[in-house]
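Listing of run-v5.cif, mmCIF, C-alpha atoms and all ligand atoms
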```cif
data_model
loop_
_atom_site.label_atom_id
_atom_site.label_comp_id
_atom_site.auth_asym_id
_atom_site.auth_seq_id
_atom_site.Cartn_x
_atom_site.Cartn_y
_atom_site.Cartn_z
CA MET A 34 30.03 -51.55 3.68
CA THR A 35 32.10 -49.86 1.00
CA LEU A 36 30.67 -48.08 -2.01
CA GLU A 37 33.43 -47.49 -4.47
CA LEU A 38 33.81 -45.95 -7.92
CA THR A 39 36.94 -47.16 -9.68
CA ALA A 40 38.40 -45.44 -12.74
CA CYS A 41 34.94 -44.24 -13.82
CA THR A 42 34.52 -42.33 -17.04
CA TYR A 43 31.12 -40.97 -18.00
CA SER A 44 29.84 -38.81 -20.89
CA TYR A 45 26.25 -37.78 -21.50
CA ARG A 46 26.71 -38.08 -25.23
CA ARG A 47 28.90 -40.41 -27.15
CA TRP A 48 31.17 -37.81 -28.69
CA SER A 49 31.05 -35.17 -25.99
CA PRO A 50 33.97 -34.83 -23.55
CA PRO A 51 33.50 -36.88 -20.39
CA VAL A 52 32.02 -35.21 -17.31
CA LEU A 53 33.96 -37.70 -15.16
CA ARG A 54 37.25 -39.06 -16.41
CA GLY A 55 38.86 -42.01 -14.63
CA LEU A 56 37.33 -41.01 -11.30
CA ASP A 57 38.28 -43.02 -8.22
CA TYR A 58 36.10 -42.41 -5.19
CA ARG A 59 35.41 -44.37 -2.04
CA MET A 60 32.44 -43.21 -0.01
CA PRO A 61 33.43 -42.57 3.62
CA ASP A 62 31.56 -43.72 6.76
CA GLY A 63 28.77 -41.72 8.39
CA LEU A 64 27.46 -38.54 6.80
CA THR A 65 29.42 -37.08 3.90
CA VAL A 66 28.54 -33.79 2.33
CA LEU A 67 29.32 -33.46 -1.37
CA LEU A 68 30.18 -29.90 -2.37
CA GLY A 69 31.08 -28.31 -5.67
CA PRO A 70 30.03 -25.55 -8.05
CA ASN A 71 27.19 -25.94 -10.57
CA GLY A 72 28.18 -28.43 -13.21
CA ALA A 73 30.99 -29.97 -11.12
CA GLY A 74 29.55 -33.46 -11.64
CA LYS A 75 27.89 -34.09 -8.26
CA SER A 76 24.60 -35.37 -9.71
CA THR A 77 26.52 -37.45 -12.24
CA LEU A 78 28.59 -39.07 -9.48
CA LEU A 79 25.45 -39.73 -7.42
CA GLY A 80 23.68 -41.16 -10.49
CA LEU A 81 26.55 -43.59 -11.09
CA ALA A 82 26.59 -44.58 -7.42
CA ALA A 83 22.81 -45.08 -7.55
CA SER A 84 23.26 -47.29 -10.64
CA VAL A 85 20.84 -45.18 -12.66
CA ARG A 86 23.77 -44.28 -14.95
CA ARG A 87 26.44 -46.65 -16.18
CA PRO A 88 30.05 -45.61 -16.64
CA ALA A 89 31.54 -46.01 -20.12
CA LYS A 90 34.67 -47.27 -18.39
CA GLY A 91 35.38 -48.32 -14.83
CA SER A 92 33.24 -49.93 -12.17
CA VAL A 93 30.90 -49.12 -9.31
CA THR A 94 30.63 -51.63 -6.48
CA LEU A 95 29.25 -52.05 -2.99
CA ASP A 96 31.38 -54.49 -1.02
CA GLY A 97 32.40 -55.94 -4.35
CA ILE A 98 28.81 -56.32 -5.64
CA PRO A 99 28.49 -54.57 -9.02
CA ALA A 100 26.04 -51.69 -9.42
CA GLY A 101 22.92 -52.91 -11.19
CA ASP A 102 22.80 -56.22 -9.32
CA ARG A 103 19.59 -56.75 -7.40
CA ALA A 104 21.42 -56.84 -4.06
CA TYR A 105 23.16 -53.57 -4.89
CA ARG A 106 19.92 -51.83 -5.80
CA ARG A 107 18.25 -53.04 -2.64
CA ASP A 108 21.01 -51.69 -0.42
CA VAL A 109 21.38 -48.33 -2.11
CA ALA A 110 18.72 -45.61 -2.08
CA TRP A 111 18.79 -42.49 -4.22
CA MET A 112 16.92 -39.25 -4.03
CA PRO A 113 17.23 -37.46 -7.39
CA GLN A 114 17.51 -33.71 -7.71
CA GLN A 115 14.11 -33.50 -9.43
CA ILE A 116 11.27 -35.35 -7.76
CA THR A 117 8.47 -36.25 -10.13
CA ALA A 118 4.93 -36.23 -8.80
CA MET A 119 3.31 -39.42 -10.07
CA ARG A 120 -0.09 -38.65 -11.55
CA ALA A 121 -3.04 -39.87 -9.50
CA HIS A 122 -0.84 -41.12 -6.65
CA THR A 123 -1.03 -39.91 -3.09
CA ALA A 124 2.18 -39.28 -1.16
CA ARG A 125 1.74 -42.59 0.66
CA GLU A 126 1.17 -44.48 -2.60
CA GLN A 127 4.13 -42.88 -4.33
CA VAL A 128 6.50 -43.75 -1.49
CA ALA A 129 5.06 -47.27 -1.15
CA TYR A 130 5.47 -47.78 -4.90
CA VAL A 131 9.20 -47.09 -4.61
CA GLY A 132 9.41 -49.66 -1.80
CA TRP A 133 7.61 -52.20 -3.97
CA LEU A 134 9.95 -51.48 -6.89
CA LYS A 135 12.85 -52.16 -4.52
CA GLY A 136 11.46 -55.62 -3.80
CA MET A 137 9.28 -55.14 -0.71
CA SER A 138 5.90 -56.87 -0.44
CA ARG A 139 2.91 -54.58 -0.98
CA ARG A 140 2.03 -54.71 2.68
CA ASP A 141 5.56 -54.00 3.94
CA ALA A 142 5.92 -51.18 1.42
CA TRP A 143 2.65 -49.66 2.59
CA ASP A 144 3.53 -49.84 6.30
CA SER A 145 7.02 -48.58 5.69
CA SER A 146 5.70 -45.71 3.57
CA THR A 147 3.58 -44.54 6.51
CA ARG A 148 6.63 -44.59 8.82
CA ALA A 149 8.88 -42.86 6.28
CA LEU A 150 6.35 -40.04 5.79
CA ALA A 151 6.16 -39.58 9.57
CA ARG A 152 9.95 -39.21 9.71
CA VAL A 153 9.79 -36.28 7.30
CA GLU A 154 6.75 -34.81 9.12
CA LEU A 155 4.40 -35.39 6.22
CA SER A 156 1.84 -37.68 7.87
CA ASP A 157 -0.86 -35.06 7.54
CA ARG A 158 -0.32 -34.93 3.74
CA ALA A 159 0.04 -38.69 3.27
CA ASP A 160 -3.28 -39.05 1.48
CA VAL A 161 -2.95 -35.97 -0.70
CA ARG A 162 -2.05 -36.45 -4.36
CA THR A 163 1.58 -35.61 -4.96
CA THR A 164 0.64 -33.34 -7.89
CA ARG A 165 -1.03 -31.09 -5.29
CA LEU A 166 1.94 -30.79 -2.93
CA SER A 167 4.21 -27.77 -2.71
CA GLY A 168 7.77 -28.02 -4.04
CA GLY A 169 9.21 -28.39 -0.52
CA GLN A 170 6.64 -31.04 0.41
CA LEU A 171 7.39 -32.96 -2.77
CA ARG A 172 11.09 -32.98 -1.85
CA ARG A 173 10.15 -34.47 1.52
CA VAL A 174 8.24 -37.19 -0.37
CA GLY A 175 11.54 -37.78 -2.20
CA VAL A 176 13.38 -38.13 1.11
CA ALA A 177 10.68 -40.53 2.39
CA ALA A 178 11.01 -42.59 -0.80
CA ALA A 179 14.76 -42.88 -0.17
CA LEU A 180 14.04 -44.13 3.37
CA VAL A 181 11.23 -46.54 2.58
CA HIS A 182 13.18 -49.70 1.89
CA ASP A 183 15.73 -49.45 4.73
CA ALA A 184 18.72 -49.17 2.44
CA ARG A 185 22.20 -49.21 3.92
CA VAL A 186 23.51 -46.41 1.75
CA LEU A 187 21.60 -43.19 1.07
CA LEU A 188 22.48 -40.94 -1.85
CA LEU A 189 20.69 -37.62 -1.62
CA ASP A 190 20.91 -34.99 -4.36
CA GLU A 191 20.32 -31.55 -2.83
CA PRO A 192 17.66 -32.78 -0.43
CA THR A 193 17.27 -29.45 1.38
CA ALA A 194 16.74 -27.29 -1.73
CA GLY A 195 13.40 -25.55 -1.35
CA MET A 196 12.79 -26.61 2.24
CA ASP A 197 11.74 -23.92 4.69
CA PRO A 198 13.95 -23.25 7.77
CA ARG A 199 11.86 -25.43 10.08
CA GLN A 200 11.94 -28.37 7.66
CA ARG A 201 15.69 -27.95 7.26
CA ARG A 202 16.03 -28.35 11.02
CA VAL A 203 13.77 -31.42 11.00
CA PHE A 204 15.81 -32.82 8.13
CA ARG A 205 19.10 -32.12 9.91
CA ASP A 206 17.92 -33.97 13.01
CA LEU A 207 16.80 -36.85 10.83
CA LEU A 208 20.19 -36.93 9.10
CA GLY A 209 21.88 -37.02 12.50
CA GLU A 210 19.85 -40.14 13.40
CA LEU A 211 20.24 -41.75 9.98
CA SER A 212 23.98 -41.33 9.75
CA LYS A 213 24.39 -43.45 12.88
CA GLU A 214 22.55 -46.28 11.13
CA VAL A 215 23.55 -45.95 7.47
CA ARG A 216 26.03 -44.20 5.23
CA VAL A 217 24.83 -41.01 3.68
CA LEU A 218 26.29 -39.06 0.76
CA MET A 219 24.47 -35.80 0.22
CA SER A 220 25.10 -33.02 -2.28
CA THR A 221 24.32 -29.49 -1.23
CA HIS A 222 25.08 -25.86 -1.98
CA ASP A 223 24.30 -25.07 1.61
CA VAL A 224 27.90 -25.01 2.71
CA ALA A 225 27.49 -22.92 5.85
CA ASP A 226 24.41 -24.74 6.99
CA LEU A 227 25.46 -28.35 6.72
CA ALA A 228 29.18 -28.87 6.36
CA GLU A 229 29.80 -28.53 10.07
CA GLU A 230 27.28 -31.27 10.88
CA ALA A 231 28.91 -33.81 8.62
CA ASP A 232 31.53 -36.41 9.49
CA ASN A 233 33.21 -35.97 6.13
CA VAL A 234 33.33 -33.60 3.21
CA THR A 235 34.04 -34.29 -0.44
CA VAL A 236 34.62 -31.42 -2.84
CA LEU A 237 34.21 -32.02 -6.55
CA ASP A 238 35.32 -29.57 -9.20
CA SER A 239 35.20 -30.13 -12.98
CA GLY A 240 34.65 -33.84 -12.41
CA ALA A 241 37.66 -34.26 -10.12
CA VAL A 242 37.75 -34.73 -6.35
CA THR A 243 39.71 -31.80 -4.95
CA TYR A 244 39.22 -32.74 -1.30
CA THR A 245 37.85 -35.73 0.53
CA GLY A 246 38.37 -36.31 4.22
CA THR A 247 37.10 -35.42 7.66
CA THR A 248 35.10 -32.28 8.27
CA ALA A 249 37.79 -31.14 10.73
CA GLY A 250 40.41 -31.52 7.99
CA PHE A 251 38.18 -29.57 5.61
CA LEU A 252 37.57 -26.74 8.10
CA ALA A 253 41.32 -26.46 8.67
CA TYR A 254 41.50 -24.86 5.21
CA ALA A 255 39.73 -21.79 6.57
CA PRO A 256 42.31 -19.01 6.86
CA ASP A 257 43.38 -17.91 10.35
CA GLY A 258 41.10 -15.27 11.77
CA THR A 259 37.95 -16.54 10.01
CA ALA A 260 34.88 -15.41 11.94
CA PRO A 261 33.11 -18.13 13.93
CA GLY A 262 30.32 -19.70 11.90
CA ARG A 263 32.05 -18.82 8.59
CA ALA A 264 34.68 -21.58 8.69
CA ALA A 265 32.92 -23.91 6.23
CA GLU A 266 32.38 -21.19 3.63
CA ALA A 267 35.93 -19.92 4.06
CA ALA A 268 37.38 -23.43 3.76
CA TYR A 269 35.34 -24.07 0.62
CA ALA A 270 36.49 -20.78 -0.90
CA ALA A 271 40.12 -21.55 -0.03
CA LEU A 272 39.90 -25.01 -1.61
CA SER A 273 38.29 -23.64 -4.74
CA HIS A 274 41.02 -21.03 -4.91
CA HIS A 275 43.89 -23.49 -4.47
CA GLY A 276 42.43 -26.21 -6.67
CA SER A 277 43.36 -29.81 -5.95
CA VAL A 278 44.90 -30.56 -2.59
CA LEU A 279 45.13 -34.31 -3.02
N1 LIG B 301 21.27 -34.76 -19.15
C1 LIG B 301 22.41 -34.15 -19.50
N2 LIG B 301 22.79 -34.05 -20.79
C2 LIG B 301 23.94 -33.46 -21.16
N3 LIG B 301 24.81 -32.93 -20.27
C3 LIG B 301 24.50 -32.99 -18.98
C4 LIG B 301 23.28 -33.60 -18.52
N4 LIG B 301 23.26 -33.52 -17.17
C5 LIG B 301 24.38 -32.89 -16.80
N5 LIG B 301 25.13 -32.57 -17.88
C6 LIG B 301 26.43 -31.88 -17.87
O1 LIG B 301 27.31 -32.61 -17.04
C7 LIG B 301 28.09 -31.73 -16.24
C8 LIG B 301 27.93 -32.11 -14.76
O2 LIG B 301 26.58 -31.92 -14.41
P1 LIG B 301 26.01 -32.36 -12.97
O3 LIG B 301 24.52 -32.18 -13.03
O4 LIG B 301 26.54 -33.70 -12.62
O5 LIG B 301 26.69 -31.27 -12.04
P2 LIG B 301 26.31 -30.84 -10.54
O6 LIG B 301 27.60 -30.67 -9.82
O7 LIG B 301 25.32 -31.78 -9.96
O8 LIG B 301 25.64 -29.42 -10.79
P3 LIG B 301 24.51 -28.60 -9.96
O9 LIG B 301 25.17 -28.10 -8.71
O10 LIG B 301 24.17 -27.50 -10.90
O11 LIG B 301 23.37 -29.53 -9.72
C9 LIG B 301 27.64 -30.32 -16.58
O12 LIG B 301 28.56 -29.77 -17.49
C10 LIG B 301 26.31 -30.51 -17.23
O13 LIG B 301 26.09 -29.53 -18.21
#
```
Would you mind writing the file out in structure tokens?
Amino acid sequence: MTLELTACTYSYRRWSPPVLRGLDYRMPDGLTVLLGPNGAGKSTLLGLAASVRRPAKGSVTLDGIPAGDRAYRRDVAWMPQQITAMRAHTAREQVAYVGWLKGMSRRDAWDSSTRALARVELSDRADVRTTRLSGGQLRRVGVAAALVHDARVLLLDEPTAGMDPRQRRVFRDLLGELSKEVRVLMSTHDVADLAEEADNVTVLDSGAVTYTGTTAGFLAYAPDGTAPGRAAEAAYAALSHHGSVL
């Protein structure tokens, strides 16, 4: 299962300079954390991989299947940075609706929605309208919606933003389980918290990949003498300082 961006160029407006220019990126196995400063292009990359944005040049494929094909969309799930509460829908309905859009039968989508909400510890809010949920709860609805159709690749855009410490722990455990089953690419600013859990790290800066490889390889960029528990932050700072290491 290989999700690959090849020579991708993307601009938000026709005449504006591209955010990504000829980007080549192959998503690694297991759990990959996508790091980078604000505006680096993480959401743009995830949007292309999710096939919600189309590159002006280049291609996005999953095992050779082009993004946008039905099979591609079924296998790839995306949690956007902003989760929209659908008016007059409960959490269960909103998640089930995403499953239905991805091609599940109504019944399967409904059953799967109930399971997905349980995985994010939201069963007790399943029948509450999403417009009434807190920001952190709504993000968990977003995670559940990404899980509902049993995709083989999960693309998560800052899933832990706004979650309280307990929910972060629940989410981390869930990620641990999920990354054994599926590939996960997750953007975060939570360098210290998550980078050490991941199998791989990708660092994006100004639309270019400045590091992609194992977490051990990433942590090796921390200068000697870095305090325990600070290695991920120190490695990230060192990579940002040195620029591209590819
Ligand atoms: N809808 C949009 N219209 C115009 N420009 C945009 C739009 N979305 C993003 N951009 C620009 O594209 C660049 C990359 O943005 P992107 O959201 O991909 O970065 P990011 O790494 O996800 O940032 P953050 O960490 O702040 O979420 C930025 O310069 C941003 O201003």
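Residue nearest ligand LIG 301 (chain B) within the list A:Leu237, A:Leu207, A:Ala104, A:Ala82: A:Leu237 [criterion: smallest interatomic distance, only C-alpha atoms and all ligand atoms].
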Restricting the calculation to all atoms listed in the file, which member of A:Leu64, A:Ala151, A:Val181, A:Ala118 is positioned closest to Leu211 (chain A)?
A:Leu64
Just give me the gap between CA of Asp157 (chain A) and CA of Glu126 (chain A) in Å, one decimal is fine.
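Straight-line distance from CA of Asp157 (chain A) to CA of Glu126 (chain A) works out to 14.0 Å.
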Using only C-alpha atoms and all ligand atoms, which protein or nucleic acid residues are at most 9 Å from ligand LIG 301 (chain B), as a PyMOL selection string?
chain A and resi 44-46+49+51-53+68-80+114+190-191+220-222+237-240
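The residue set within 12 Å of Gly63 (chain A), counting all atoms listed in the file and dropping same-chain residues fewer than 2 places from it, reads Met34, Thr35, Met60, Pro61, Thr65, Val66, Arg185, Val186, Leu187, Leu208, Gly209, Glu210, Leu211, Ser212, Lys213, Glu214, Val215, Arg216, Val217, Leu218, Met219, Glu230, Ala231, Asp232, Asn233, Val234, Gly246, Thr247 and Thr248 of chain A.
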Give me the residues within 6 Å of Thr235 (chain A) as a list in words, counting all atoms listed in the file and dropping any in the same chain fewer than 6 places off.
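Counting all atoms listed in the file, the residues come to Leu67, Tyr244 and Thr245 of chain A.
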Any idea what's packed within 10 Å of Pro192 (chain A), counting only C-alpha atoms, ignoring anything in its chain fewer than 3 positions away? Could you give it as a PyMOL selection string?
chain A and resi 112-115+169+172-173+175-176+188-189+195-196+201+204+219-221
Please report the interatomic distance between CA of Arg87 (chain A) and CA of Arg106 (chain A) in Å with one decimal.
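Taking CA of Arg87 (chain A) and CA of Arg106 (chain A), their separation equals 13.3 Å.
Taking CA of Asp223 (chain A) and CA of Glu266 (chain A) as the two end points, the separation is 9.2 Å.
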I'd like to know which of A:Tyr58, A:Arg107, A:Ile116, A:Leu36 is closest to Met137 (chain A), using all atoms listed in the file.
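Once distances to Met137 (chain A) are computed over all atoms listed in the file, the minimum belongs to A:Arg107.
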Check the smallest atom-to-atom distance from each of A:Ala271, A:Ala253, A:Val174, A:Val242 to Leu38 (chain A) using all atoms listed in the file, then report the winner.
A:Val242
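Nearest residue to Arg139 (chain A), choosing from A:His182, A:Thr259, A:Asp160, A:Asp206 and counting all atoms listed in the file: A:His182.
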Selection: 12 Å around Gly101 (chain A), only C-alpha atoms, excl. self and same-chain fewer than 5 positions, as a PyMOL selection string:
chain A and resi 80-88+92-95+106-109
Polymer residues at most 8 Å from Met119 (chain A), all atoms listed in the file, same-chain spacing of 5 or more positions, as JSON, numbers by chain:
{"A": [127, 163, 164]}
